>>> print(open('start.txt').read())   # compact mmCIF, C-alpha atoms
# COMPACT_ATOMS: atom_id res chain seq x y z
CA MET A 233 0.00 0.00 0.00
CA SER A 234 2.76 2.42 0.90
CA ALA A 235 4.71 1.71 -2.32
CA LEU A 236 1.96 1.26 -4.92
CA GLY A 237 -0.67 3.66 -3.59
CA LEU A 238 -3.86 2.96 -1.68
CA ARG A 239 -6.27 3.24 -4.63
CA ALA A 240 -4.23 1.01 -6.94
CA PHE A 241 -3.90 -1.57 -4.19
CA LEU A 242 -7.37 -1.58 -2.59
CA LEU A 243 -9.68 -1.46 -5.63
CA PRO A 244 -8.63 -4.81 -7.16
CA LEU A 245 -8.33 -6.28 -3.66
CA SER A 246 -11.91 -5.35 -2.73
CA ALA A 247 -13.23 -6.64 -6.08
CA GLY A 248 -11.53 -9.98 -5.43
CA PHE A 249 -12.95 -10.09 -1.90
CA ILE A 250 -16.50 -9.55 -3.25
CA ALA A 251 -16.13 -12.45 -5.68
CA ILE A 252 -14.62 -14.92 -3.20
CA SER A 253 -17.01 -14.19 -0.30
CA PHE A 254 -19.98 -14.51 -2.66
CA PHE A 255 -18.93 -17.87 -4.12
CA ILE A 256 -17.68 -19.59 -0.94
CA PRO A 257 -21.15 -21.02 -0.09
CA PHE A 258 -21.18 -22.71 -3.51
CA ILE A 259 -17.69 -24.25 -3.21
CA THR A 260 -17.49 -28.00 -2.66
CA GLY A 261 -14.53 -29.94 -1.31
CA TYR A 262 -12.69 -29.31 1.93
CA GLU A 263 -9.39 -28.45 0.27
CA ASN A 264 -11.07 -25.86 -1.96
CA LEU A 265 -12.71 -24.25 1.08
CA VAL A 266 -9.37 -24.06 2.88
CA VAL A 267 -7.77 -22.29 -0.10
CA ALA A 268 -10.70 -19.84 -0.42
CA HIS A 269 -10.55 -18.96 3.27
CA ALA A 270 -6.78 -18.53 3.14
CA VAL A 271 -7.13 -16.00 0.30
CA LEU A 272 -9.97 -14.27 2.16
CA GLY A 273 -7.82 -14.02 5.29
CA PHE A 274 -4.94 -12.51 3.32
CA MET A 275 -7.27 -9.84 1.94
CA LEU A 276 -8.77 -9.04 5.33
CA GLY A 277 -5.31 -8.41 6.76
CA CYS A 278 -4.71 -5.81 4.05
CA PHE A 279 -8.00 -3.98 4.64
CA VAL A 280 -7.60 -3.47 8.37
CA THR A 281 -4.08 -2.13 7.98
CA SER A 282 -5.26 0.38 5.38
CA THR A 283 -7.57 2.19 7.82
CA ILE A 284 -4.86 4.17 9.62
CA GLN A 285 -3.03 4.93 6.37
CA ILE A 286 -6.19 6.33 4.73
CA MET A 287 -6.90 8.38 7.84
CA MET A 288 -3.42 9.91 8.06
CA LYS A 289 -3.11 10.57 4.31
CA TYR A 290 -6.53 11.81 3.20
CA ILE A 291 -8.66 12.77 6.19
CA PRO A 292 -8.22 16.24 7.77
CA PRO A 293 -6.56 15.91 11.19
CA LYS A 294 -9.57 17.39 12.99
CA TRP A 295 -11.60 14.33 11.90
CA TRP A 296 -9.03 11.72 12.99
CA ILE A 297 -10.67 11.25 16.37
CA ILE A 298 -14.01 10.45 14.65
CA THR A 299 -12.30 7.85 12.47
CA LEU A 300 -10.67 6.27 15.50
CA ALA A 301 -14.03 6.30 17.32
CA PHE A 302 -15.50 4.12 14.56
CA PHE A 303 -12.38 1.97 14.76
CA THR A 304 -12.95 1.72 18.53
CA PHE A 305 -16.44 0.35 18.67
CA ARG A 306 -15.74 -1.90 15.68
CA VAL A 307 -13.49 -3.98 17.96
CA SER A 308 -16.06 -4.33 20.74
CA LEU A 309 -18.92 -4.74 18.26
CA GLY A 310 -17.18 -7.75 16.72
CA ILE A 311 -16.30 -9.37 20.06
CA ASN A 312 -19.66 -8.78 21.72
CA THR A 313 -22.12 -9.32 18.85
CA GLY A 314 -20.43 -12.24 17.10
CA VAL A 315 -22.03 -14.88 19.37
CA SER A 316 -25.58 -13.63 18.77
CA LEU A 317 -25.25 -12.71 15.09
CA GLY A 318 -23.56 -15.98 14.17
CA THR A 319 -26.40 -17.93 15.82
CA VAL A 320 -29.07 -15.80 14.10
CA TYR A 321 -27.52 -16.48 10.71
CA VAL A 322 -27.20 -20.21 11.32
CA GLU A 323 -30.65 -20.75 12.84
CA TYR A 324 -32.81 -18.26 10.94
CA LEU A 325 -31.27 -16.70 7.81
CA GLY A 326 -28.95 -19.48 6.72
CA TRP A 327 -25.22 -19.87 7.30
CA GLU A 328 -24.54 -18.52 3.79
CA TRP A 329 -25.28 -15.01 5.02
CA ILE A 330 -22.18 -15.09 7.18
CA TYR A 331 -20.35 -14.72 3.86
CA TRP A 332 -22.93 -12.80 1.85
CA GLN A 333 -23.09 -9.99 4.45
CA SER A 334 -19.40 -9.45 3.72
CA THR A 335 -20.17 -9.35 -0.02
CA LEU A 336 -22.77 -6.59 0.46
CA ILE A 337 -20.58 -4.53 2.80
CA MET A 338 -17.55 -4.86 0.54
CA ALA A 339 -19.61 -3.79 -2.49
CA ILE A 340 -20.43 -0.53 -0.67
CA TYR A 341 -16.75 -0.19 0.30
CA PHE A 342 -15.69 -0.67 -3.34
CA PHE A 343 -18.14 1.99 -4.52
CA LEU A 344 -16.91 4.51 -1.93
CA LEU A 345 -13.28 3.80 -2.82
CA TYR A 346 -13.96 4.19 -6.53
CA ARG A 347 -15.85 7.47 -6.12
CA HIS A 348 -13.90 9.21 -3.37
CA LEU A 349 -10.40 7.81 -2.87
CA PRO A 350 -8.04 9.96 -4.96
CA GLU A 351 -5.13 8.75 -7.01
CA ASP A 352 -1.84 9.07 -5.15
CA THR A 353 1.73 9.09 -6.35
CA PRO A 354 3.37 5.66 -6.08
CA ARG A 355 6.54 5.50 -4.00
CA LYS A 356 8.18 2.78 -6.06
CA GLU A 357 11.59 3.65 -4.67
CA MET A 358 10.46 1.71 -1.60
CA LEU A 359 10.52 -1.47 -3.71
CA ARG A 360 14.19 -1.06 -4.62
CA HIS A 361 15.36 -1.97 -1.14
CA LEU A 362 12.41 -4.13 -0.13
CA ASP A 363 13.07 -6.04 3.08
CA LEU A 364 11.37 -9.18 1.74
CA SER A 365 13.29 -11.55 4.03
CA GLY A 366 12.22 -9.57 7.10
CA MET A 367 8.57 -9.69 6.03
CA VAL A 368 8.76 -13.46 5.39
CA PHE A 369 10.38 -14.22 8.77
CA PHE A 370 7.99 -11.92 10.65
CA CYS A 371 4.84 -13.28 9.00
CA LEU A 372 5.87 -16.93 9.34
CA SER A 373 6.59 -16.35 13.02
CA ALA A 374 3.19 -14.68 13.53
CA MET A 375 1.37 -17.40 11.57
CA LEU A 376 2.94 -20.29 13.50
CA PHE A 377 2.29 -18.53 16.82
CA PHE A 378 -1.36 -18.06 15.86
CA VAL A 379 -1.75 -21.74 14.86
CA GLY A 380 0.03 -22.99 17.96
CA THR A 381 -2.02 -20.95 20.43
CA ASP A 382 -5.32 -21.52 18.59
CA LEU A 383 -4.91 -25.33 18.64
CA GLY A 384 -2.91 -25.58 21.88
CA GLU A 385 -5.77 -26.23 24.31
CA ARG A 386 -7.43 -28.79 22.04
CA PHE A 387 -4.20 -30.68 21.28
CA GLY A 388 -2.74 -30.71 24.79
CA TRP A 389 -0.12 -27.99 24.31
CA PHE A 390 3.45 -29.38 24.42
CA ASP A 391 2.18 -32.96 24.67
CA SER A 392 1.48 -32.53 20.95
CA ARG A 393 4.38 -32.53 18.50
CA LEU A 394 2.39 -30.25 16.20
CA ILE A 395 1.97 -27.56 18.87
CA PHE A 396 5.61 -27.90 19.93
CA ALA A 397 6.73 -27.52 16.30
CA CYS A 398 4.51 -24.46 15.74
CA LEU A 399 5.51 -22.55 18.86
CA SER A 400 9.22 -23.39 18.70
CA GLY A 401 9.22 -22.63 14.97
CA SER A 402 7.55 -19.29 15.70
CA GLY A 403 10.32 -18.43 18.15
CA LEU A 404 13.06 -19.41 15.71
CA PHE A 405 11.56 -17.41 12.85
CA PHE A 406 11.18 -14.37 15.12
CA LEU A 407 14.83 -14.70 16.14
CA ALA A 408 15.75 -14.85 12.44
CA PHE A 409 13.62 -11.73 11.89
CA LEU A 410 15.51 -9.84 14.61
CA VAL A 411 18.88 -10.85 13.13
CA ASN A 412 17.68 -9.87 9.65
CA GLU A 413 16.50 -6.43 10.80
CA ALA A 414 19.87 -5.82 12.45
CA VAL A 415 21.88 -6.47 9.27
CA VAL A 416 19.60 -5.46 6.39
CA ARG A 417 20.20 -2.07 4.74
CA LYS A 418 16.65 -0.71 5.11
CA PRO A 419 14.74 -2.72 7.72
CA TRP A 420 10.99 -2.91 7.24
CA ALA A 421 9.91 -3.08 10.90
CA SER A 422 13.06 -2.53 12.88
CA PRO A 423 12.85 -3.32 16.61
CA ARG A 424 14.63 0.01 17.06
CA LEU A 425 11.14 1.52 16.80
CA PHE A 426 10.75 0.41 20.39
CA ALA A 427 13.57 2.66 21.52
CA ASN A 428 10.70 5.08 22.11
CA PHE A 429 9.45 4.06 25.55
CA ASN A 430 5.95 5.33 24.84
CA ILE A 431 5.69 2.96 21.85
CA VAL A 432 6.67 0.02 24.07
CA MET A 433 4.02 0.99 26.59
CA SER A 434 1.36 1.66 23.95
CA VAL A 435 1.76 -1.66 22.12
CA GLY A 436 2.01 -3.51 25.44
CA MET A 437 -1.15 -1.90 26.74
CA VAL A 438 -3.00 -2.69 23.50
CA VAL A 439 -2.21 -6.36 24.17
CA ILE A 440 -3.38 -6.09 27.81
CA TYR A 441 -6.55 -4.24 26.84
CA ILE A 442 -7.55 -6.79 24.16
CA PHE A 443 -6.80 -9.60 26.63
CA ILE A 444 -9.25 -8.14 29.17
CA MET A 445 -11.89 -7.60 26.47
CA THR A 446 -11.47 -11.20 25.32
CA ALA A 447 -11.84 -12.41 28.90
CA ASN A 448 -15.07 -10.44 29.27
CA SER A 449 -16.64 -12.05 26.20
CA LEU A 450 -15.28 -15.55 26.83
CA LEU A 451 -16.02 -15.81 30.55
CA ILE A 452 -19.61 -14.56 30.38
CA THR A 453 -20.59 -16.89 27.53
CA HIS A 454 -18.68 -19.80 29.13
CA PHE A 455 -20.48 -19.29 32.45
CA LEU A 456 -23.95 -19.02 30.89
CA SER A 457 -23.29 -22.05 28.68
CA VAL A 458 -21.73 -24.39 31.29
CA VAL A 459 -23.53 -23.33 34.47
CA GLN A 460 -26.91 -22.11 33.18
CA ASP A 461 -26.97 -24.37 30.08
CA LEU A 462 -27.98 -21.50 27.79
CA LYS A 463 -27.68 -21.60 24.01
CA PRO A 464 -25.30 -19.11 22.30
CA LEU A 465 -28.27 -17.00 21.15
CA GLN A 466 -29.46 -16.66 24.75
CA SER A 467 -26.04 -16.05 26.31
CA GLY A 468 -25.11 -13.59 23.57
CA ARG A 469 -27.80 -11.16 24.72
CA ALA A 470 -25.68 -10.18 27.73
CA LEU A 471 -22.88 -9.19 25.34
CA LEU A 472 -25.24 -7.26 23.06
CA VAL A 473 -25.92 -4.88 25.96
CA ILE A 474 -22.19 -4.12 26.15
CA ALA A 475 -21.94 -3.46 22.41
CA LEU A 476 -25.02 -1.20 22.22
CA LEU A 477 -24.07 0.84 25.29
CA GLN A 478 -20.57 1.31 23.97
CA VAL A 479 -21.88 2.65 20.65
CA LEU A 480 -23.96 5.19 22.58
CA LEU A 481 -21.11 6.20 24.91
CA THR A 482 -18.36 6.53 22.30
CA PRO A 483 -19.23 10.12 21.22
CA PHE A 484 -19.02 11.29 24.85
CA CYS A 485 -15.67 9.52 25.23
CA VAL A 486 -14.43 11.30 22.07
CA TYR A 487 -15.26 14.63 23.69
CA LEU A 488 -13.38 13.69 26.87
CA VAL A 489 -10.26 12.61 24.97
CA LEU A 490 -10.16 15.99 23.22
CA LYS A 491 -10.49 17.93 26.49
CA ILE A 492 -8.57 16.00 29.17
CA ASP A 493 -5.05 14.61 29.55
CA THR A 494 -5.05 11.30 27.66
CA ARG A 495 -3.20 9.45 30.41
CA LEU A 496 -5.90 10.36 32.90
CA ILE A 497 -8.63 9.22 30.49
CA CYS A 498 -6.85 5.89 30.01
CA ALA A 499 -6.42 5.43 33.76
CA VAL A 500 -10.13 6.03 34.37
CA GLY A 501 -11.05 3.58 31.62
CA VAL A 502 -8.72 0.88 32.96
CA LEU A 503 -10.08 1.42 36.48
CA ILE A 504 -13.68 1.02 35.24
CA MET A 505 -12.79 -2.18 33.38
CA GLY A 506 -10.98 -3.40 36.49
CA LEU A 507 -14.12 -2.82 38.57
CA ALA A 508 -16.08 -4.87 36.03
CA CYS A 509 -13.56 -7.70 36.42
CA TYR A 510 -13.81 -7.42 40.21
CA GLN A 511 -17.57 -7.87 39.98
CA GLY A 512 -16.86 -11.11 38.12
CA THR A 513 -15.19 -12.47 41.26
CA LEU A 514 -18.61 -12.26 42.95
CA VAL A 515 -20.42 -14.45 40.41
CA THR A 516 -22.41 -17.34 41.93
CA ALA A 517 -24.22 -20.31 40.40
CA GLU A 518 -27.52 -18.45 40.72
CA TRP A 519 -26.49 -15.66 38.32
CA VAL A 520 -28.45 -15.37 35.07
CA ALA A 521 -27.84 -13.21 31.99
CA GLU A 522 -29.55 -10.16 33.53
CA ASP A 523 -27.16 -10.23 36.51
CA PHE A 524 -24.30 -9.35 34.17
CA LEU A 525 -25.92 -6.03 33.22
CA LEU A 526 -23.83 -3.88 35.59
CA MET A 527 -20.67 -5.61 34.43
CA GLY A 528 -21.72 -4.92 30.85
CA VAL A 529 -22.30 -1.25 31.60
CA LEU A 530 -18.85 -0.92 33.20
CA PHE A 531 -17.13 -2.62 30.26
CA ALA A 532 -19.10 -0.44 27.83
CA CYS A 533 -17.92 2.71 29.64
CA GLY A 534 -14.30 1.66 30.04
CA HIS A 535 -13.68 0.21 26.58
CA PRO A 536 -13.85 3.39 24.43
CA LEU A 537 -11.91 5.42 27.01
CA VAL A 538 -9.03 2.94 27.01
CA PHE A 539 -8.96 2.21 23.29
CA LEU A 540 -9.15 5.84 22.17
CA SER A 541 -6.39 6.72 24.63
CA LEU A 542 -4.16 3.91 23.39
CA MET A 543 -4.72 4.96 19.78
CA ALA A 544 -3.81 8.52 20.78
CA PHE A 545 -0.55 7.22 22.30
CA CYS A 546 0.25 5.37 19.06
CA ILE A 547 -0.67 8.27 16.76
CA ALA A 548 1.65 10.55 18.74
CA SER A 549 4.52 8.19 17.82
CA PHE A 550 3.64 7.70 14.12
CA THR A 551 5.52 9.18 11.19
CA MET A 552 5.24 8.23 7.52
CA GLU A 553 8.52 6.31 7.87
CA THR A 554 7.66 4.40 11.04
CA ALA A 555 3.94 3.82 10.30
CA PRO A 556 4.30 0.58 8.23
CA GLY A 557 6.44 -1.11 10.86
CA LEU A 558 4.34 0.05 13.81
CA LEU A 559 1.13 -0.96 12.05
CA ALA A 560 2.59 -4.42 11.50
CA TYR A 561 3.35 -4.87 15.21
CA ILE A 562 -0.01 -3.45 16.30
CA GLN A 563 -1.97 -5.44 13.73
CA VAL A 564 -0.35 -8.75 14.64
CA SER A 565 -0.87 -7.97 18.33
CA ARG A 566 -4.53 -7.16 17.67
CA ILE A 567 -5.11 -10.43 15.83
CA ALA A 568 -2.98 -12.75 17.95
CA THR A 569 -3.99 -11.49 21.41
CA PRO A 570 -7.65 -12.68 21.31
CA THR A 571 -6.51 -16.13 20.16
CA ALA A 572 -3.54 -16.43 22.52
CA GLY A 573 -5.46 -14.80 25.36
CA GLY A 574 -8.48 -17.03 24.81
CA ALA A 575 -6.26 -20.13 24.78
CA LEU A 576 -4.49 -19.02 27.96
CA LEU A 577 -7.78 -18.26 29.69
CA LEU A 578 -9.23 -21.66 28.74
CA LEU A 579 -6.08 -23.37 30.01
CA VAL A 580 -6.18 -21.52 33.34
CA MET A 581 -9.93 -22.08 33.65
CA ARG A 582 -9.64 -25.84 32.94
CA ARG A 583 -6.89 -26.29 35.51
CA ARG A 584 -8.70 -24.23 38.12
CA GLU A 585 -11.89 -26.22 37.47
CA ASP A 586 -9.97 -29.48 38.01
CA MET A 587 -8.42 -28.12 41.19
CA HIS A 588 -11.75 -26.91 42.59
CA PHE A 589 -13.51 -30.14 41.56
CA GLU A 590 -10.95 -32.23 43.48
CA ALA A 591 -11.10 -29.92 46.50
CA LEU A 592 -14.91 -30.03 46.60
CA SER A 593 -15.04 -33.79 46.02
CA ASP A 594 -12.62 -34.43 48.90
CA ARG A 595 -14.96 -32.60 51.27
CA ILE A 596 -18.04 -34.59 50.29
CA ALA A 597 -18.77 -37.54 52.56
CA GLY A 598 -21.81 -39.79 52.42
CA ASP A 599 -22.65 -39.28 56.09
CA GLU A 600 -22.81 -35.49 55.80
CA PRO A 601 -26.37 -34.19 56.40
CA ALA A 602 -26.17 -31.82 53.42
CA VAL A 603 -25.12 -34.68 51.12
CA ARG A 604 -27.93 -36.95 52.35
CA GLN A 605 -30.45 -34.14 51.91
CA PHE A 606 -29.20 -33.44 48.36
CA LEU A 607 -29.44 -37.12 47.38
CA GLU A 608 -32.93 -37.40 48.84
CA THR A 609 -34.02 -34.33 46.87
CA ASN A 610 -32.28 -35.03 43.54
CA GLY A 611 -32.10 -38.79 43.77
CA SER A 612 -28.75 -39.73 42.18
CA LEU A 613 -25.00 -39.51 42.49
CA GLU A 614 -24.92 -38.24 38.90
CA SER A 615 -26.85 -35.14 39.97
CA LEU A 616 -24.38 -34.62 42.81
CA ASN A 617 -21.48 -34.91 40.38
CA ASP A 618 -23.14 -32.36 38.05
CA ALA A 619 -23.63 -29.95 40.96
CA VAL A 620 -19.97 -30.24 41.99
CA THR A 621 -18.85 -29.75 38.37
CA SER A 622 -21.05 -26.67 38.05
CA GLN A 623 -19.72 -25.16 41.28
CA ALA A 624 -16.13 -25.86 40.22
CA ALA A 625 -16.82 -24.00 36.96
CA VAL A 626 -18.21 -21.02 38.91
CA LEU A 627 -15.14 -20.88 41.15
CA ALA A 628 -12.85 -21.10 38.11
CA VAL A 629 -14.67 -18.16 36.50
CA ASN A 630 -14.22 -16.21 39.75
CA ASP A 631 -10.49 -16.97 39.70
CA VAL A 632 -9.98 -15.86 36.09
CA PHE A 633 -11.93 -12.64 36.65
CA GLY A 634 -9.69 -12.09 39.67
CA LEU A 635 -6.64 -12.56 37.42
CA CYS A 636 -8.01 -9.95 35.01
CA PHE A 637 -8.63 -7.57 37.93
CA CYS A 638 -4.97 -7.92 39.01
CA ILE A 639 -3.85 -7.29 35.41
CA ALA A 640 -5.97 -4.12 35.32
CA LEU A 641 -4.33 -2.91 38.53
CA GLY A 642 -0.91 -3.65 37.05
CA THR A 643 -1.86 -1.66 33.94
CA LEU A 644 -2.68 1.33 36.13
CA ALA A 645 0.83 1.12 37.55
CA LEU A 646 2.30 0.97 34.03
CA LEU A 647 0.45 4.14 33.08
CA ALA A 648 2.54 6.05 35.57
CA PHE A 649 5.57 5.41 33.32
CA ILE A 650 3.99 6.87 30.14
CA ARG A 651 5.98 10.01 29.36
CA ALA A 652 4.60 13.30 28.16
CA MET A 653 3.68 13.22 24.46
CA LYS A 654 3.59 15.87 21.82
CA PRO A 655 0.09 17.26 21.19
CA THR A 656 -1.69 15.66 18.21
CA PRO A 657 -5.10 16.17 16.58
CA VAL A 658 -6.26 13.10 18.52
CA SER A 659 -4.88 14.24 21.89
CA PRO A 660 -4.47 18.04 21.69
CA VAL A 661 -4.34 18.69 25.45
CA PRO A 662 -0.77 18.68 26.86
CA VAL A 663 -0.12 16.84 30.12
CA GLY A 664 -1.44 18.74 33.11
CA GLU A 665 -4.23 20.57 31.29
CA THR A 666 -7.75 20.25 32.68
CA LEU A 667 -11.30 20.33 31.45
CA SER A 668 -11.35 24.11 31.86
CA ARG A 669 -9.24 24.40 28.73
>>> encode(input="start.txt", output="structure tokens")
Amino acid sequence: MSALGLRAFLLPLSAGFIAISFFIPFITGYENLVVAHAVLGFMLGCFVTSTIQIMMKYIPPKWWIITLAFFTFRVSLGINTGVSLGTVYVEYLGWEWIYWQSTLIMAIYFFLLYRHLPEDTPRKEMLRHLDLSGMVFFCLSAMLFFVGTDLGERFGWFDSRLIFACLSGSGLFFLAFLVNEAVVRKPWASPRLFANFNIVMSVGMVVIYIFIMTANSLLITHFLSVVQDLKPLQSGRALLVIALLQVLLTPFCVYLVLKIDTRLICAVGVLIMGLACYQGTLVTAEWVAEDFLLMGVLFACGHPLVFLSLMAFCIASFTMETAPGLLAYIQVSRIATPTAGGALLLLVMRRREDMHFEALSDRIAGDEPAVRQFLETNGSLESLNDAVTSQAAVLAVNDVFGLCFCIALGTLALLAFIRAMKPTPVSPVPVGETLSR
């Protein structure tokens, strides 16, 4: 995109996306489906990365915060509506619409690009010293990491040779990438970018933030599915509240980011999300979807404050030279964190469930009055086992929410190390200014 120009790159890409997403429901054969999805995934990676470049190149700076606001609730909208929308498509409209909705949206995108995106001057000199080896090493490392973490919980982590090969291969390719960037003439995404401490903190906090958002979505649906035996369509309603509230609150958060020190805004947002996680430590087996409403409100308030602040931190560090490399790191972090975080959370939750199940089982004796009363009421040892399993799942959810609460507190401590940034159109208020400005 940087070398060939956005219009020349995105128009044929979007046309190809329209064709593939439309024809996928008609494709037969597993291998053909795998190839079609691989091509679709490659195209999607290009589109998301183009957003920031279009914003910085063609949109007046005063409108950057609006663009980032749309970018903000897009993340939460996808995480919190995917469960419900996917079930609606499968059960009512037909699974084909999972793909055909993308065809319709991309057709609108293509029309807007064609009509409004201007021609730009190619920077073909960038291709003369293309760091192709660095790109290959970096992308192979990211791909193997994604595969290893996505399949890790299902394959038994390092008990599986496949998972061991993926994760160790990811580490080796990343090491090769670092060596390559140190010796190549014009590195594509040099780790020297992280000599700026604020960039280190910004990218690190993006990872932490997405991890907490993933935990919110995963833990609520897991609890309602395992403990309350709700279908995805029913459990997804709790997440819809979060998504809708966040859409309504985002404009107000935009106003705050423009008027108050960005570090303070981020701290407030992290604190609110931490309080939501703390409430998760109070979950009991009697909770139903409606009981998660307050937690949903807190997440909806905290999410746009944190994300807009983090984007402001990143924008303050961007230049036309560093943007491609920084976007690569941020994009891979954005994609890999939900998968790696979800896998880590499932691993922790499974082990905590096993631990709590054993601890509860050891305390159950046949001569206990409560046990006799339960068996008289429910009539079977199987019911007792189900009750213990359900309670172990509740305690595991409490533990993981507690972990997220501790991470939020740690993030607040990290914020103290964010240094003063230059004013930008996204965060125009220098450090120390107040709302009176």
>>> atom_distance(input="start.txt", atom1="CA of Gly318 in chain A", atom2="CA of Met445 in chain A")
18.9 Å
>>> residues_around(input="start.txt", residues="range 534-540 of chain A", least_positions_apart="4", cutoff="10 Å", atoms="all atoms listed in the file", output="PDB file with C-alpha atoms, in the frame of the given file")
ATOM      1  CA  ILE A 297     -10.670  11.250  16.370  1.00  0.00           C
ATOM      2  CA  LEU A 300     -10.670   6.270  15.500  1.00  0.00           C
ATOM      3  CA  ALA A 301     -14.030   6.300  17.320  1.00  0.00           C
ATOM      4  CA  PHE A 303     -12.380   1.970  14.760  1.00  0.00           C
ATOM      5  CA  THR A 304     -12.950   1.720  18.530  1.00  0.00           C
ATOM      6  CA  PHE A 305     -16.440   0.350  18.670  1.00  0.00           C
ATOM      7  CA  VAL A 307     -13.490  -3.980  17.960  1.00  0.00           C
ATOM      8  CA  SER A 308     -16.060  -4.330  20.740  1.00  0.00           C
ATOM      9  CA  MET A 437      -1.150  -1.900  26.740  1.00  0.00           C
ATOM     10  CA  VAL A 438      -3.000  -2.690  23.500  1.00  0.00           C
ATOM     11  CA  TYR A 441      -6.550  -4.240  26.840  1.00  0.00           C
ATOM     12  CA  ILE A 442      -7.550  -6.790  24.160  1.00  0.00           C
ATOM     13  CA  ILE A 444      -9.250  -8.140  29.170  1.00  0.00           C
ATOM     14  CA  MET A 445     -11.890  -7.600  26.470  1.00  0.00           C
ATOM     15  CA  ILE A 474     -22.190  -4.120  26.150  1.00  0.00           C
ATOM     16  CA  ALA A 475     -21.940  -3.460  22.410  1.00  0.00           C
ATOM     17  CA  GLN A 478     -20.570   1.310  23.970  1.00  0.00           C
ATOM     18  CA  VAL A 479     -21.880   2.650  20.650  1.00  0.00           C
ATOM     19  CA  LEU A 481     -21.110   6.200  24.910  1.00  0.00           C
ATOM     20  CA  THR A 482     -18.360   6.530  22.300  1.00  0.00           C
ATOM     21  CA  PRO A 483     -19.230  10.120  21.220  1.00  0.00           C
ATOM     22  CA  PHE A 484     -19.020  11.290  24.850  1.00  0.00           C
ATOM     23  CA  CYS A 485     -15.670   9.520  25.230  1.00  0.00           C
ATOM     24  CA  VAL A 486     -14.430  11.300  22.070  1.00  0.00           C
ATOM     25  CA  LEU A 488     -13.380  13.690  26.870  1.00  0.00           C
ATOM     26  CA  VAL A 489     -10.260  12.610  24.970  1.00  0.00           C
ATOM     27  CA  THR A 494      -5.050  11.300  27.660  1.00  0.00           C
ATOM     28  CA  ARG A 495      -3.200   9.450  30.410  1.00  0.00           C
ATOM     29  CA  LEU A 496      -5.900  10.360  32.900  1.00  0.00           C
ATOM     30  CA  ILE A 497      -8.630   9.220  30.490  1.00  0.00           C
ATOM     31  CA  CYS A 498      -6.850   5.890  30.010  1.00  0.00           C
ATOM     32  CA  ALA A 499      -6.420   5.430  33.760  1.00  0.00           C
ATOM     33  CA  VAL A 500     -10.130   6.030  34.370  1.00  0.00           C
ATOM     34  CA  GLY A 501     -11.050   3.580  31.620  1.00  0.00           C
ATOM     35  CA  VAL A 502      -8.720   0.880  32.960  1.00  0.00           C
ATOM     36  CA  LEU A 503     -10.080   1.420  36.480  1.00  0.00           C
ATOM     37  CA  ILE A 504     -13.680   1.020  35.240  1.00  0.00           C
ATOM     38  CA  MET A 505     -12.790  -2.180  33.380  1.00  0.00           C
ATOM     39  CA  GLY A 506     -10.980  -3.400  36.490  1.00  0.00           C
ATOM     40  CA  LEU A 507     -14.120  -2.820  38.570  1.00  0.00           C
ATOM     41  CA  ALA A 508     -16.080  -4.870  36.030  1.00  0.00           C
ATOM     42  CA  GLY A 528     -21.720  -4.920  30.850  1.00  0.00           C
ATOM     43  CA  VAL A 529     -22.300  -1.250  31.600  1.00  0.00           C
ATOM     44  CA  LEU A 530     -18.850  -0.920  33.200  1.00  0.00           C
ATOM     45  CA  ALA A 544      -3.810   8.520  20.780  1.00  0.00           C
ATOM     46  CA  PHE A 545      -0.550   7.220  22.300  1.00  0.00           C
ATOM     47  CA  CYS A 546       0.250   5.370  19.060  1.00  0.00           C
ATOM     48  CA  VAL A 658      -6.260  13.100  18.520  1.00  0.00           C
ATOM     49  CA  SER A 659      -4.880  14.240  21.890  1.00  0.00           C
TER      50      SER A 659
END
>>> closest_residue(input="start.txt", among="A:Trp519, A:Phe390, A:Phe274, A:Phe378", to="Asp461 in chain A", atoms="only C-alpha atoms")
A:Trp519
>>> residues_around(input="start.txt", residues="range 416-430 of chain A", least_positions_apart="3", cutoff="9 Å", atoms="all atoms listed in the file", output="PyMOL selection string")
chain A and resi 361-364+366-367+410-413+433-435+545-546+549+554+556-558+560-561+649-653
>>> residues_near_point(input="start.txt", point="(-8.5, -24.4, 29.6)", cutoff="12 Å", atoms="all atoms listed in the file", output="CSV table (one decimal) with C-alpha atoms, keeping the file's coordinate frame")
chain,number,residue,atom,x,y,z
A,381,THR,CA,-2.0,-21.0,20.4
A,382,ASP,CA,-5.3,-21.5,18.6
A,383,LEU,CA,-4.9,-25.3,18.6
A,384,GLY,CA,-2.9,-25.6,21.9
A,385,GLU,CA,-5.8,-26.2,24.3
A,386,ARG,CA,-7.4,-28.8,22.0
A,387,PHE,CA,-4.2,-30.7,21.3
A,388,GLY,CA,-2.7,-30.7,24.8
A,389,TRP,CA,-0.1,-28.0,24.3
A,450,LEU,CA,-15.3,-15.6,26.8
A,451,LEU,CA,-16.0,-15.8,30.6
A,454,HIS,CA,-18.7,-19.8,29.1
A,572,ALA,CA,-3.5,-16.4,22.5
A,573,GLY,CA,-5.5,-14.8,25.4
A,574,GLY,CA,-8.5,-17.0,24.8
A,575,ALA,CA,-6.3,-20.1,24.8
A,576,LEU,CA,-4.5,-19.0,28.0
A,577,LEU,CA,-7.8,-18.3,29.7
A,578,LEU,CA,-9.2,-21.7,28.7
A,579,LEU,CA,-6.1,-23.4,30.0
A,580,VAL,CA,-6.2,-21.5,33.3
A,581,MET,CA,-9.9,-22.1,33.6
A,582,ARG,CA,-9.6,-25.8,32.9
A,583,ARG,CA,-6.9,-26.3,35.5
A,584,ARG,CA,-8.7,-24.2,38.1
A,585,GLU,CA,-11.9,-26.2,37.5
A,586,ASP,CA,-10.0,-29.5,38.0
A,625,ALA,CA,-16.8,-24.0,37.0
A,628,ALA,CA,-12.8,-21.1,38.1
A,629,VAL,CA,-14.7,-18.2,36.5
A,632,VAL,CA,-10.0,-15.9,36.1
